[in-house]
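> This is the structure, below, for whatever I ask next.
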Amino acid sequence: MSEKLLTFEHIEIPDSIKELESVTQADGIRFYSTPSGKSYPSVTTVTGWEKKAFFAEWRKNNPEESRRVLSNGTNFHKLIEGYLGNAEHLIGTPAAPRLLFQNIKPLLHNIDKIRAQEVPLWSDTLHLAGRVDCIAEYKGKLSVIDFKSSKREKRKADIDNYFAQATAYAIMWQEITGEPINQIAILISCEGGVIQEFVDKPTNHVKRLKEMIDFYWYDNSPFKSY
């Protein structure tokens, strides 16, 4: 595939999107303060709550690998954000995230008419908030686009939290802007060079999102009995 010039079209972010303050507690849970003064947990916290103990144990047993994966993911996202913002910068970036970024480039060329990148969203219906990777057209259809890096290939059945997270952002975007989003795209770059593209409808994941929200609030209820 020939290299695409850095000419992604951007559409002005709606005025209804406001910056949010966030605070991360000692236990790692992040909360956002909405414009109305309400405090909501982050989407990633809630959709990852069921697997929280597993990943905490893995990080404890693999501290160096955990730091490596986190660093790669952070730099990988920065490279994508810069590229979609028509300002690609690879100089000074470690080799591993550069390779992850180069791998996923062909899928990035399906993106256009970018509405937002790394902007805060929230929902008074879901009682959630967070920062979405990208709202843009993907293959001509307005979508929530989520970028992931991974050590290995993923099965669709294993990434229900990714779909739930993107579904939450689709609901938030429509609630704030009035513009519906009927597609979500999960784009994954694997360390072995494989790229994965999962495209679906958010309506297929609303039920699972609700289950995750209910589980989080049950587990964090002050009235829970042990």
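Each chain in the structure tokens gets a letter, A, B and so on, in the order shown; residues start at 1 in every chain, and ligands are counted from 1 in the order they appear.
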Could you pull the residues within 6 Å of region 137-154 of chain A, counting only C-alpha atoms, minus those fewer than 4 positions along the same chain, as JSON, numbers by chain?
{"A": [73, 110, 111, 112, 113, 133, 181, 183, 184, 185, 186, 187, 188, 189, 190, 191]}
> With a distance cut-off of 8 Å and only C-alpha atoms, select the neighbouring residues of Val23 (chain A), excluding the residue or stretch itself and same-chain residues fewer than 4 positions from it, and output the selection as a list of chain:residue names.
A:Arg30, A:Phe31, A:Tyr32
> Using only C-alpha atoms, which residues sit within 7 Å of region 205-211 of chain A once same-chain residues fewer than 2 positions away are excluded, as a PyMOL selection string?
chain A and resi 163-164+167+202-203+213-215
> Return the single residue from A:Ile171, A:Ala157, A:Ala116, A:Leu84 that is closest to Ile135 (chain A), with distances computed using only C-alpha atoms.
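Ranked by minimum distance to Ile135 (chain A), first place goes to A:Ala116.
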> How many Å separate CA of Asn61 (chain A) from CA of Tyr218 (chain A)?
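These two atoms are separated by 28.1 Å.
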> Which residues come within 8 Å of Ile104 (chain A), counting only C-alpha atoms, excluding same-chain residues fewer than 2 positions away, as a VMD selection string?
chain A and resid 100 to 102 106 to 108 187 to 189 195
> Using only C-alpha atoms, please write the residues we just selected to a file, as an mmCIF file, in the first residue's frame.

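File produced: selection34.cif:
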```cif
data_model
loop_
_atom_site.group_PDB
_atom_site.id
_atom_site.type_symbol
_atom_site.label_atom_id
_atom_site.label_comp_id
_atom_site.auth_asym_id
_atom_site.auth_seq_id
_atom_site.Cartn_x
_atom_site.Cartn_y
_atom_site.Cartn_z
ATOM 1 C CA LEU A 100 3.439 -1.255 16.618
ATOM 2 C CA PHE A 101 2.538 2.085 15.034
ATOM 3 C CA GLN A 102 3.963 1.208 11.616
ATOM 4 C CA PRO A 106 -2.835 0.632 6.929
ATOM 5 C CA LEU A 107 -5.905 0.575 9.178
ATOM 6 C CA LEU A 108 -5.443 4.243 10.103
ATOM 7 C CA LEU A 187 -7.988 -1.698 16.015
ATOM 8 C CA ILE A 188 -5.211 -3.817 17.550
ATOM 9 C CA SER A 189 -1.506 -3.901 16.725
ATOM 10 C CA ILE A 195 -3.003 -6.271 13.006
#
```
> What parts of region 7-154 of chain A does DSSP call strand (DSSP E or B)? I'd like the answer as number ranges by chain.
A: 10, 21-24, 30-33, 39-42, 111-123, 128-138, 141-150
> Determine which residues of region 13-70 of chain A receive a DSSP assignment of alpha helix (DSSP H), computed from the backbone, and state them as a list in words.
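Alpha helix (DSSP H) members of region 13-70 of chain A, listed: Val43, Thr44, Thr45, Val46, Thr47, Lys52, Ala53, Phe54, Phe55, Ala56, Glu57, Trp58, Arg59, Lys60, Asn61, Pro63, Glu64, Glu65, Ser66, Arg67, Arg68, Val69 and Leu70 of chain A.
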> Would you mind reading off the distance between CA of Thr7 (chain A) and CA of Asn86 (chain A), one decimal, in Å?
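Separation between CA of Thr7 (chain A) and CA of Asn86 (chain A): 6.1 Å.
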> Which is closer to Thr34 (chain A) than all the others in A:Leu128, A:Met212, A:Leu79, A:Ala87, using only C-alpha atoms?
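Looking only at the distances to Thr34 (chain A), the closest residue turns out to be A:Leu128.
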> So which one's closest to Lys18 (chain A), A:Pro41, A:Gly130, A:Gly82, A:Pro180? Using only C-alpha atoms, please.
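Among A:Pro41, A:Gly130, A:Gly82, A:Pro180, it is A:Gly130 that comes nearest to Lys18 (chain A).
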> What does the distance from CA of Pro120 (chain A) to CA of Glu19 (chain A) come to in Å, to one decimal?
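Straight-line distance from CA of Pro120 (chain A) to CA of Glu19 (chain A) works out to 6.1 Å.
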> Env of Glu175 (chain A): 12 Å cut, atoms = only C-alpha atoms, seq-sep filter 3 positions within chain, self excluded. Answer as a VMD selection string.
chain A and resid 16 to 17 121 to 127 168 to 172 178 to 181
> Write out, as a JSON list (two decimals), in the first residue's frame, the residues just selected, with N, CA and C atoms.

```json
[["chain", "number", "residue", "atom", "x", "y", "z"],
["A", 16, "SER", "N", -20.32, 21.64, 23.07],
["A", 16, "SER", "CA", -20.87, 20.92, 24.22],
["A", 16, "SER", "C", -19.85, 20.00, 24.89],
["A", 17, "ILE", "N", -18.72, 19.75, 24.22],
["A", 17, "ILE", "CA", -17.65, 18.94, 24.81],
["A", 17, "ILE", "C", -16.78, 19.85, 25.67],
["A", 121, "LEU", "N", -15.45, 12.64, 27.69],
["A", 121, "LEU", "CA", -16.88, 12.45, 27.50],
["A", 121, "LEU", "C", -17.48, 11.95, 28.82],
["A", 122, "TRP", "N", -18.76, 12.14, 28.98],
["A", 122, "TRP", "CA", -19.43, 11.71, 30.20],
["A", 122, "TRP", "C", -20.89, 11.43, 29.91],
["A", 123, "SER", "N", -21.55, 10.74, 30.83],
["A", 123, "SER", "CA", -22.96, 10.43, 30.67],
["A", 123, "SER", "C", -23.66, 10.47, 32.02],
["A", 124, "ASP", "N", -24.71, 11.26, 32.10],
["A", 124, "ASP", "CA", -25.54, 11.29, 33.30],
["A", 124, "ASP", "C", -26.50, 10.11, 33.33],
["A", 125, "THR", "N", -26.61, 9.40, 32.22],
["A", 125, "THR", "CA", -27.42, 8.19, 32.17],
["A", 125, "THR", "C", -26.64, 6.98, 32.66],
["A", 126, "LEU", "N", -25.39, 6.86, 32.19],
["A", 126, "LEU", "CA", -24.54, 5.74, 32.58],
["A", 126, "LEU", "C", -23.79, 5.97, 33.88],
["A", 127, "HIS", "N", -23.67, 7.26, 34.27],
["A", 127, "HIS", "CA", -22.86, 7.64, 35.44],
["A", 127, "HIS", "C", -21.40, 7.22, 35.24],
["A", 168, "ALA", "N", -19.92, 2.57, 25.47],
["A", 168, "ALA", "CA", -20.16, 3.65, 26.43],
["A", 168, "ALA", "C", -19.86, 5.01, 25.81],
["A", 169, "TYR", "N", -18.75, 5.10, 25.08],
["A", 169, "TYR", "CA", -18.39, 6.36, 24.44],
["A", 169, "TYR", "C", -19.39, 6.75, 23.35],
["A", 170, "ALA", "N", -19.92, 5.76, 22.64],
["A", 170, "ALA", "CA", -20.94, 6.05, 21.63],
["A", 170, "ALA", "C", -22.18, 6.65, 22.28],
["A", 171, "ILE", "N", -22.58, 6.09, 23.41],
["A", 171, "ILE", "CA", -23.74, 6.60, 24.14],
["A", 171, "ILE", "C", -23.46, 8.01, 24.66],
["A", 172, "MET", "N", -22.27, 8.21, 25.21],
["A", 172, "MET", "CA", -21.90, 9.52, 25.73],
["A", 172, "MET", "C", -21.92, 10.59, 24.64],
["A", 178, "GLY", "N", -25.92, 15.01, 20.58],
["A", 178, "GLY", "CA", -27.12, 14.72, 19.81],
["A", 178, "GLY", "C", -26.85, 13.94, 18.54],
["A", 179, "GLU", "N", -25.57, 13.64, 18.26],
["A", 179, "GLU", "CA", -25.19, 12.94, 17.04],
["A", 179, "GLU", "C", -25.04, 11.44, 17.33],
["A", 180, "PRO", "N", -25.85, 10.58, 16.70],
["A", 180, "PRO", "CA", -25.75, 9.15, 16.96],
["A", 180, "PRO", "C", -24.52, 8.53, 16.32],
["A", 181, "ILE", "N", -23.99, 7.51, 16.98],
["A", 181, "ILE", "CA", -22.88, 6.72, 16.46],
["A", 181, "ILE", "C", -23.32, 5.27, 16.43]]
```
> Which one is closest to Ala96 (chain A): A:Trp173, A:Gly193, A:Lys52, A:Glu64? Count only C-alpha atoms.
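Once distances to Ala96 (chain A) are computed over only C-alpha atoms, the minimum belongs to A:Gly193.
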